[in-house]
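A.B. asks: My structure file entry_2.pdb, PDB, C-alpha atoms, is below:
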ATOM      1  CA  MET A  82      91.148 -11.420  61.308  1.00  0.00           C
ATOM      2  CA  ILE A  83      91.185 -12.310  65.011  1.00  0.00           C
ATOM      3  CA  LEU A  84      90.236 -10.488  68.196  1.00  0.00           C
ATOM      4  CA  GLU A  85      92.558 -10.144  71.178  1.00  0.00           C
ATOM      5  CA  ILE A  86      90.755  -9.516  74.463  1.00  0.00           C
ATOM      6  CA  ALA A  87      92.900  -8.490  77.424  1.00  0.00           C
ATOM      7  CA  ASP A  88      91.116  -8.534  80.792  1.00  0.00           C
ATOM      8  CA  ILE A  89      92.919  -5.880  82.847  1.00  0.00           C
ATOM      9  CA  ARG A  90      92.590  -5.018  86.563  1.00  0.00           C
ATOM     10  CA  ILE A  91      93.965  -1.795  88.036  1.00  0.00           C
ATOM     11  CA  PRO A  92      94.075  -0.540  91.633  1.00  0.00           C
ATOM     12  CA  PRO A  93      91.171   1.563  92.951  1.00  0.00           C
ATOM     13  CA  GLY A  94      91.414   5.298  92.367  1.00  0.00           C
ATOM     14  CA  LYS A  95      93.572   5.111  89.234  1.00  0.00           C
ATOM     15  CA  ASN A  96      90.830   5.254  86.594  1.00  0.00           C
ATOM     16  CA  ASP A  97      91.479   8.733  85.235  1.00  0.00           C
ATOM     17  CA  ALA A  98      95.211   8.147  84.943  1.00  0.00           C
ATOM     18  CA  PHE A  99      94.759   4.720  83.377  1.00  0.00           C
ATOM     19  CA  ASP A 100      92.137   5.951  80.921  1.00  0.00           C
ATOM     20  CA  ALA A 101      94.696   8.435  79.636  1.00  0.00           C
ATOM     21  CA  ALA A 102      97.587   5.965  79.714  1.00  0.00           C
ATOM     22  CA  ILE A 103      95.880   3.180  77.798  1.00  0.00           C
ATOM     23  CA  LYS A 104      94.603   5.628  75.186  1.00  0.00           C
ATOM     24  CA  HIS A 105      98.128   6.991  74.809  1.00  0.00           C
ATOM     25  CA  GLY A 106      99.631   3.506  74.685  1.00  0.00           C
ATOM     26  CA  VAL A 107      97.251   2.232  72.038  1.00  0.00           C
ATOM     27  CA  GLU A 108      97.505   5.331  69.888  1.00  0.00           C
ATOM     28  CA  SER A 109     101.263   5.799  70.141  1.00  0.00           C
ATOM     29  CA  VAL A 110     102.392   2.146  70.079  1.00  0.00           C
ATOM     30  CA  ILE A 111      99.755  -0.471  69.213  1.00  0.00           C
ATOM     31  CA  MET A 112      98.487   1.373  66.155  1.00  0.00           C
ATOM     32  CA  ARG A 113     102.007   1.227  64.672  1.00  0.00           C
ATOM     33  CA  ALA A 114     102.197  -2.576  64.957  1.00  0.00           C
ATOM     34  CA  GLU A 115     102.186  -4.756  61.853  1.00  0.00           C
ATOM     35  CA  GLY A 116      98.815  -6.425  61.470  1.00  0.00           C
ATOM     36  CA  TYR A 117      96.964  -4.035  63.791  1.00  0.00           C
ATOM     37  CA  CYS A 118      93.456  -3.347  62.476  1.00  0.00           C
ATOM     38  CA  LEU A 119      91.210  -1.705  65.071  1.00  0.00           C
ATOM     39  CA  HIS A 120      90.822  -1.334  68.813  1.00  0.00           C
ATOM     40  CA  ARG A 121      88.281  -0.646  71.500  1.00  0.00           C
ATOM     41  CA  VAL A 122      88.782  -0.137  75.248  1.00  0.00           C
ATOM     42  CA  VAL A 123      85.906  -0.377  77.719  1.00  0.00           C
ATOM     43  CA  LYS A 124      85.765  -0.179  81.522  1.00  0.00           C
ATOM     44  CA  GLY A 125      83.515  -1.900  83.993  1.00  0.00           C
ATOM     45  CA  ILE A 126      80.317  -0.444  85.386  1.00  0.00           C
ATOM     46  CA  GLU A 127      79.936  -3.074  88.150  1.00  0.00           C
ATOM     47  CA  SER A 128      83.737  -3.440  88.436  1.00  0.00           C
ATOM     48  CA  PRO A 129      85.315  -0.002  87.877  1.00  0.00           C
ATOM     49  CA  GLU A 130      88.827  -1.417  88.195  1.00  0.00           C
ATOM     50  CA  ARG A 131      88.236  -3.826  85.301  1.00  0.00           C
ATOM     51  CA  TYR A 132      89.052  -2.946  81.693  1.00  0.00           C
ATOM     52  CA  MET A 133      88.652  -4.923  78.497  1.00  0.00           C
ATOM     53  CA  LEU A 134      91.142  -4.050  75.776  1.00  0.00           C
ATOM     54  CA  MET A 135      89.979  -5.427  72.425  1.00  0.00           C
ATOM     55  CA  ILE A 136      92.257  -5.358  69.401  1.00  0.00           C
ATOM     56  CA  TRP A 137      91.582  -6.839  65.986  1.00  0.00           C
ATOM     57  CA  TRP A 138      94.732  -8.210  64.317  1.00  0.00           C
ATOM     58  CA  GLN A 139      95.121  -9.520  60.787  1.00  0.00           C
ATOM     59  CA  THR A 140      96.505 -12.824  62.124  1.00  0.00           C
ATOM     60  CA  LEU A 141      97.134 -14.420  65.513  1.00  0.00           C
ATOM     61  CA  GLU A 142     100.879 -14.336  64.864  1.00  0.00           C
ATOM     62  CA  ASP A 143     100.811 -10.583  64.268  1.00  0.00           C
ATOM     63  CA  HIS A 144     100.064 -10.288  67.987  1.00  0.00           C
ATOM     64  CA  THR A 145     101.660 -13.325  69.591  1.00  0.00           C
ATOM     65  CA  VAL A 146     104.874 -13.472  67.558  1.00  0.00           C
ATOM     66  CA  LYS A 147     105.565 -10.187  65.785  1.00  0.00           C
ATOM     67  CA  PHE A 148     104.220  -7.752  68.369  1.00  0.00           C
ATOM     68  CA  ARG A 149     105.218  -9.584  71.534  1.00  0.00           C
ATOM     69  CA  GLY A 150     108.601 -10.482  70.074  1.00  0.00           C
ATOM     70  CA  GLY A 151     109.291  -7.068  68.587  1.00  0.00           C
ATOM     71  CA  PRO A 152     110.535  -3.707  69.871  1.00  0.00           C
ATOM     72  CA  LEU A 153     107.080  -2.161  70.337  1.00  0.00           C
ATOM     73  CA  PHE A 154     106.177  -4.534  73.152  1.00  0.00           C
ATOM     74  CA  ALA A 155     108.558  -2.936  75.647  1.00  0.00           C
ATOM     75  CA  GLU A 156     107.268   0.526  74.721  1.00  0.00           C
ATOM     76  CA  TRP A 157     103.693  -0.596  75.320  1.00  0.00           C
ATOM     77  CA  ARG A 158     104.420  -2.292  78.627  1.00  0.00           C
ATOM     78  CA  ALA A 159     106.318   0.736  79.909  1.00  0.00           C
ATOM     79  CA  ILE A 160     103.166   2.819  79.498  1.00  0.00           C
ATOM     80  CA  VAL A 161     100.489   0.456  80.852  1.00  0.00           C
ATOM     81  CA  GLN A 162     102.181  -2.109  83.092  1.00  0.00           C
ATOM     82  CA  PRO A 163     102.669   0.292  86.051  1.00  0.00           C
ATOM     83  CA  PHE A 164      98.875   0.306  86.433  1.00  0.00           C
ATOM     84  CA  PHE A 165      98.292  -3.460  86.436  1.00  0.00           C
ATOM     85  CA  ALA A 166      97.028  -4.768  89.781  1.00  0.00           C
ATOM     86  CA  VAL A 167      97.575  -8.338  88.510  1.00  0.00           C
ATOM     87  CA  PRO A 168      98.954  -9.705  85.233  1.00  0.00           C
ATOM     88  CA  PRO A 169      96.249  -9.282  82.549  1.00  0.00           C
ATOM     89  CA  SER A 170      94.486 -12.346  81.220  1.00  0.00           C
ATOM     90  CA  VAL A 171      94.817 -12.349  77.430  1.00  0.00           C
ATOM     91  CA  GLU A 172      93.065 -14.679  74.988  1.00  0.00           C
ATOM     92  CA  HIS A 173      92.203 -14.598  71.285  1.00  0.00           C
ATOM     93  CA  TYR A 174      88.878 -15.098  69.545  1.00  0.00           C
ATOM     94  CA  SER A 175      87.406 -15.601  66.105  1.00  0.00           C
ATOM     95  CA  LEU A 176      84.096 -14.200  64.903  1.00  0.00           C
ATOM     96  CA  VAL A 177      80.953 -16.326  65.182  1.00  0.00           C
ATOM     97  CA  THR A 178      78.327 -13.773  64.187  1.00  0.00           C
ATOM     98  CA  ALA A 179      77.715 -10.032  64.356  1.00  0.00           C
ATOM     99  CA  SER A 180      75.112  -7.467  63.479  1.00  0.00           C
ATOM    100  CA  PHE A 181      77.555  -6.192  60.908  1.00  0.00           C
ATOM    101  CA  GLY A 182      80.932  -7.107  59.524  1.00  0.00           C
ATOM    102  CA  VAL A 183      84.193  -7.731  61.308  1.00  0.00           C
ATOM    103  CA  PRO A 184      85.465  -5.682  63.033  1.00  0.00           C
ATOM    104  CA  SER A 185      85.350  -3.870  65.444  1.00  0.00           C
TER     105      SER A 185
ATOM    106  CA  MET B  62      75.201   3.414  75.221  1.00  0.00           C
ATOM    107  CA  ILE B  63      76.719   0.572  77.240  1.00  0.00           C
ATOM    108  CA  LEU B  64      78.298  -2.769  76.403  1.00  0.00           C
ATOM    109  CA  GLU B  65      77.176  -6.062  77.930  1.00  0.00           C
ATOM    110  CA  ILE B  66      79.832  -8.770  77.853  1.00  0.00           C
ATOM    111  CA  ALA B  67      78.696 -12.299  78.715  1.00  0.00           C
ATOM    112  CA  ASP B  68      81.535 -14.792  79.261  1.00  0.00           C
ATOM    113  CA  ILE B  69      80.015 -18.153  78.287  1.00  0.00           C
ATOM    114  CA  ARG B  70      81.421 -21.689  78.673  1.00  0.00           C
ATOM    115  CA  ILE B  71      79.953 -24.681  76.857  1.00  0.00           C
ATOM    116  CA  PRO B  72      80.843 -28.385  77.025  1.00  0.00           C
ATOM    117  CA  PRO B  73      83.458 -29.773  74.601  1.00  0.00           C
ATOM    118  CA  GLY B  74      82.149 -30.935  71.238  1.00  0.00           C
ATOM    119  CA  LYS B  75      79.139 -28.622  71.111  1.00  0.00           C
ATOM    120  CA  ASN B  76      80.655 -25.778  69.098  1.00  0.00           C
ATOM    121  CA  ASP B  77      78.778 -26.215  65.845  1.00  0.00           C
ATOM    122  CA  ALA B  78      75.420 -26.570  67.580  1.00  0.00           C
ATOM    123  CA  PHE B  79      76.070 -23.632  69.885  1.00  0.00           C
ATOM    124  CA  ASP B  80      77.297 -21.418  67.040  1.00  0.00           C
ATOM    125  CA  ALA B  81      73.937 -21.962  65.352  1.00  0.00           C
ATOM    126  CA  ALA B  82      71.924 -21.629  68.564  1.00  0.00           C
ATOM    127  CA  ILE B  83      73.435 -18.355  69.731  1.00  0.00           C
ATOM    128  CA  LYS B  84      73.104 -16.841  66.258  1.00  0.00           C
ATOM    129  CA  HIS B  85      69.457 -17.917  66.190  1.00  0.00           C
ATOM    130  CA  GLY B  86      68.852 -16.662  69.728  1.00  0.00           C
ATOM    131  CA  VAL B  87      70.371 -13.263  69.101  1.00  0.00           C
ATOM    132  CA  GLU B  88      68.661 -12.759  65.764  1.00  0.00           C
ATOM    133  CA  SER B  89      65.237 -14.060  66.774  1.00  0.00           C
ATOM    134  CA  VAL B  90      65.037 -12.691  70.331  1.00  0.00           C
ATOM    135  CA  ILE B  91      67.737 -10.198  71.390  1.00  0.00           C
ATOM    136  CA  MET B  92      67.362  -8.034  68.305  1.00  0.00           C
ATOM    137  CA  ARG B  93      63.679  -7.484  69.172  1.00  0.00           C
ATOM    138  CA  ALA B  94      64.488  -6.159  72.646  1.00  0.00           C
ATOM    139  CA  GLU B  95      63.901  -2.516  73.504  1.00  0.00           C
ATOM    140  CA  GLY B  96      67.211  -0.675  73.641  1.00  0.00           C
ATOM    141  CA  TYR B  97      69.145  -3.295  71.679  1.00  0.00           C
ATOM    142  CA  CYS B  98      71.698  -1.633  69.386  1.00  0.00           C
ATOM    143  CA  LEU B  99      74.270  -4.085  68.022  1.00  0.00           C
ATOM    144  CA  HIS B 100      75.876  -7.410  68.828  1.00  0.00           C
ATOM    145  CA  ARG B 101      78.971  -9.463  68.240  1.00  0.00           C
ATOM    146  CA  VAL B 102      79.731 -13.064  69.238  1.00  0.00           C
ATOM    147  CA  VAL B 103      83.270 -14.445  69.256  1.00  0.00           C
ATOM    148  CA  LYS B 104      84.705 -17.817  70.321  1.00  0.00           C
ATOM    149  CA  GLY B 105      88.023 -18.701  71.858  1.00  0.00           C
ATOM    150  CA  ILE B 106      91.069 -19.805  69.911  1.00  0.00           C
ATOM    151  CA  GLU B 107      93.015 -20.979  72.998  1.00  0.00           C
ATOM    152  CA  SER B 108      89.756 -21.948  74.778  1.00  0.00           C
ATOM    153  CA  PRO B 109      87.324 -23.313  72.156  1.00  0.00           C
ATOM    154  CA  GLU B 110      84.576 -23.796  74.753  1.00  0.00           C
ATOM    155  CA  ARG B 111      84.660 -20.097  75.650  1.00  0.00           C
ATOM    156  CA  TYR B 112      82.419 -17.524  73.958  1.00  0.00           C
ATOM    157  CA  MET B 113      82.107 -13.793  74.458  1.00  0.00           C
ATOM    158  CA  LEU B 114      78.687 -12.367  73.670  1.00  0.00           C
ATOM    159  CA  MET B 115      78.872  -8.603  73.320  1.00  0.00           C
ATOM    160  CA  ILE B 116      75.716  -6.517  73.048  1.00  0.00           C
ATOM    161  CA  TRP B 117      75.456  -2.747  72.949  1.00  0.00           C
ATOM    162  CA  TRP B 118      72.333  -1.426  74.693  1.00  0.00           C
ATOM    163  CA  GLN B 119      71.025   2.123  74.786  1.00  0.00           C
ATOM    164  CA  THR B 120      71.001   2.063  78.601  1.00  0.00           C
ATOM    165  CA  LEU B 121      72.025  -0.346  81.367  1.00  0.00           C
ATOM    166  CA  GLU B 122      68.373  -0.676  82.407  1.00  0.00           C
ATOM    167  CA  ASP B 123      67.353  -1.781  78.910  1.00  0.00           C
ATOM    168  CA  HIS B 124      69.281  -4.965  79.637  1.00  0.00           C
ATOM    169  CA  THR B 125      69.109  -5.424  83.395  1.00  0.00           C
ATOM    170  CA  VAL B 126      65.521  -4.329  83.987  1.00  0.00           C
ATOM    171  CA  LYS B 127      63.499  -4.366  80.770  1.00  0.00           C
ATOM    172  CA  PHE B 128      65.066  -7.364  79.037  1.00  0.00           C
ATOM    173  CA  ARG B 129      65.722  -9.551  82.084  1.00  0.00           C
ATOM    174  CA  GLY B 130      62.343  -8.676  83.562  1.00  0.00           C
ATOM    175  CA  GLY B 131      60.388  -9.028  80.337  1.00  0.00           C
ATOM    176  CA  PRO B 132      58.953 -11.875  78.270  1.00  0.00           C
ATOM    177  CA  LEU B 133      61.893 -12.147  75.855  1.00  0.00           C
ATOM    178  CA  PHE B 134      64.260 -13.360  78.568  1.00  0.00           C
ATOM    179  CA  ALA B 135      62.603 -16.773  78.852  1.00  0.00           C
ATOM    180  CA  GLU B 136      62.664 -17.167  75.056  1.00  0.00           C
ATOM    181  CA  TRP B 137      66.363 -16.371  74.969  1.00  0.00           C
ATOM    182  CA  ARG B 138      67.271 -18.690  77.824  1.00  0.00           C
ATOM    183  CA  ALA B 139      65.301 -21.549  76.295  1.00  0.00           C
ATOM    184  CA  ILE B 140      67.533 -21.375  73.219  1.00  0.00           C
ATOM    185  CA  VAL B 141      70.972 -20.914  74.781  1.00  0.00           C
ATOM    186  CA  GLN B 142      70.821 -22.132  78.381  1.00  0.00           C
ATOM    187  CA  PRO B 143      70.902 -25.865  77.460  1.00  0.00           C
ATOM    188  CA  PHE B 144      74.467 -25.327  76.225  1.00  0.00           C
ATOM    189  CA  PHE B 145      75.854 -23.560  79.305  1.00  0.00           C
ATOM    190  CA  ALA B 146      78.485 -25.613  81.129  1.00  0.00           C
ATOM    191  CA  VAL B 147      78.365 -23.091  83.994  1.00  0.00           C
ATOM    192  CA  PRO B 148      76.272 -19.967  84.577  1.00  0.00           C
ATOM    193  CA  PRO B 149      77.671 -17.205  82.339  1.00  0.00           C
ATOM    194  CA  SER B 150      79.516 -14.301  83.920  1.00  0.00           C
ATOM    195  CA  VAL B 151      77.870 -11.075  82.762  1.00  0.00           C
ATOM    196  CA  GLU B 152      79.128  -7.541  83.350  1.00  0.00           C
ATOM    197  CA  HIS B 153      78.573  -4.153  81.733  1.00  0.00           C
ATOM    198  CA  TYR B 154      81.076  -1.642  80.391  1.00  0.00           C
ATOM    199  CA  SER B 155      81.311   1.904  79.139  1.00  0.00           C
ATOM    200  CA  LEU B 156      83.548   3.116  76.334  1.00  0.00           C
ATOM    201  CA  VAL B 157      86.989   4.520  77.160  1.00  0.00           C
ATOM    202  CA  THR B 158      88.426   4.889  73.659  1.00  0.00           C
ATOM    203  CA  ALA B 159      88.183   3.273  70.243  1.00  0.00           C
ATOM    204  CA  SER B 160      89.619   3.538  66.772  1.00  0.00           C
ATOM    205  CA  PHE B 161      86.197   4.601  65.667  1.00  0.00           C
ATOM    206  CA  GLY B 162      82.855   5.471  67.216  1.00  0.00           C
ATOM    207  CA  VAL B 163      80.647   3.480  69.553  1.00  0.00           C
ATOM    208  CA  PRO B 164      79.661   0.764  68.828  1.00  0.00           C
ATOM    209  CA  SER B 165      80.140  -2.144  68.060  1.00  0.00           C
TER     210      SER B 165
END
Any chance you could put this one into structure tokens?
C.D. replies:
Amino acid sequence: MILEIADIRIPPGKNDAFDAAIKHGVESVIMRAEGYCLHRVVKGIESPERYMLMIWWQTLEDHTVKFRGGPLFAEWRAIVQPFFAVPPSVEHYSLVTASFGVPS
Amino acid sequence: MILEIADIRIPPGKNDAFDAAIKHGVESVIMRAEGYCLHRVVKGIESPERYMLMIWWQTLEDHTVKFRGGPLFAEWRAIVQPFFAVPPSVEHYSLVTASFGVPS
């Protein structure tokens, strides 16, 4: 299992709308993707326009190949992309250690 | 409850040693801190020298005031700081939504 972390920046003043949009996007699109396991979305205290979207996938390819290359990707982007101030920075991670099991 | 995310960069070739050091540092120091709840450490797949240390604290001040201003901070830094290629970027986050409860 691997963790996707997307570092997202939105314009000032759009927090309430983006909170609702990303929740809707994850629940209506991401959760239907093959290999999706769990998700968490957090927003910045020092940087209120910064969000971290964290999704656990069964494999890296479930995200990078199947999801991004499949029909759900356009649905997802249609919901969240209008809020992006800049293109999100997305990288993937593997677990080193945790206070309890993977994930979330 | 709030989430600290520390974005850490280490020099190439130090992964095995840092994996052990950060696990030791979290388990022997961070977990004794007042307000500590849970932790997770992940390392980059695309960027193997990049680590994300995620710690849930009861309050922001448990980390920024009590931990950083208390005696445990020097113990923690003594274990992990020798591996830092650059000063870590640390910010704090609050939950927007998740597939199950806070945290981790």
A.B. asks: For the structure shown, which residues end up in the PyMOL selection byres ((chain B) within 7 of (chain A))? Put them as a list in words, please?
C.D. replies: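 Taken on the displayed file, the PyMOL selection byres ((chain B) within 7 of (chain A)) yields the residues Asp80, Lys84, Leu99, His100, Arg101, Val102, Val103, Lys104, Gly105, Ile106, Glu107, Glu152, His153, Tyr154, Ser155, Leu156, Val157, Thr158, Ala159, Ser160 and Ser165 of chain B.
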A.B. asks: List, as JSON, numbers by chain, every residue that the PyMOL selection byres ((chain B and resi 122-135) around 10) selects in the file provided.
C.D. replies: {"B": [63, 64, 65, 89, 90, 91, 93, 94, 95, 96, 97, 116, 117, 118, 119, 120, 121, 136, 137, 138, 139, 140, 142, 153]}
A.B. asks: Could you state the separation of atom CA of Gly86 of chain B and atom CA of Met62 of chain B in Å, given to one decimal place?
C.D. replies: 21.8 Å
A.B. asks: Can you translate the PyMOL selection byres ((chain B and resi 149) around 6) into the concrete residues it hits in this file, as JSON, numbers by chain?
C.D. replies: {"B": [68, 69, 148, 150]}
A.B. asks: Tell me, as a CSV table (one decimal) with C-alpha atoms, in the frame of the given file, which residues lie within 8 Å of Phe144 of chain B, counting all atoms listed in the file; anything in the same chain fewer than 5 positions away does not count.
C.D. replies:
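Below is the file part-v8.csv, written as the result:
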chain,number,residue,atom,x,y,z
B,71,ILE,CA,80.0,-24.7,76.9
B,72,PRO,CA,80.8,-28.4,77.0
B,75,LYS,CA,79.1,-28.6,71.1
B,79,PHE,CA,76.1,-23.6,69.9
A.B. asks: What is the distance between atom CA of Val167 of chain A and atom CA of Ala102 of chain A, in Å to one decimal?
C.D. replies: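 One can read the atom CA of Val167 of chain A to atom CA of Ala102 of chain A distance as 16.8 Å.
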A.B. asks: Atom CA of Glu110 of chain B to atom CA of Gly74 of chain B: how many Å, to one decimal?
C.D. replies: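 Computed distance, atom CA of Glu110 of chain B to atom CA of Gly74 of chain B, equals 8.3 Å.
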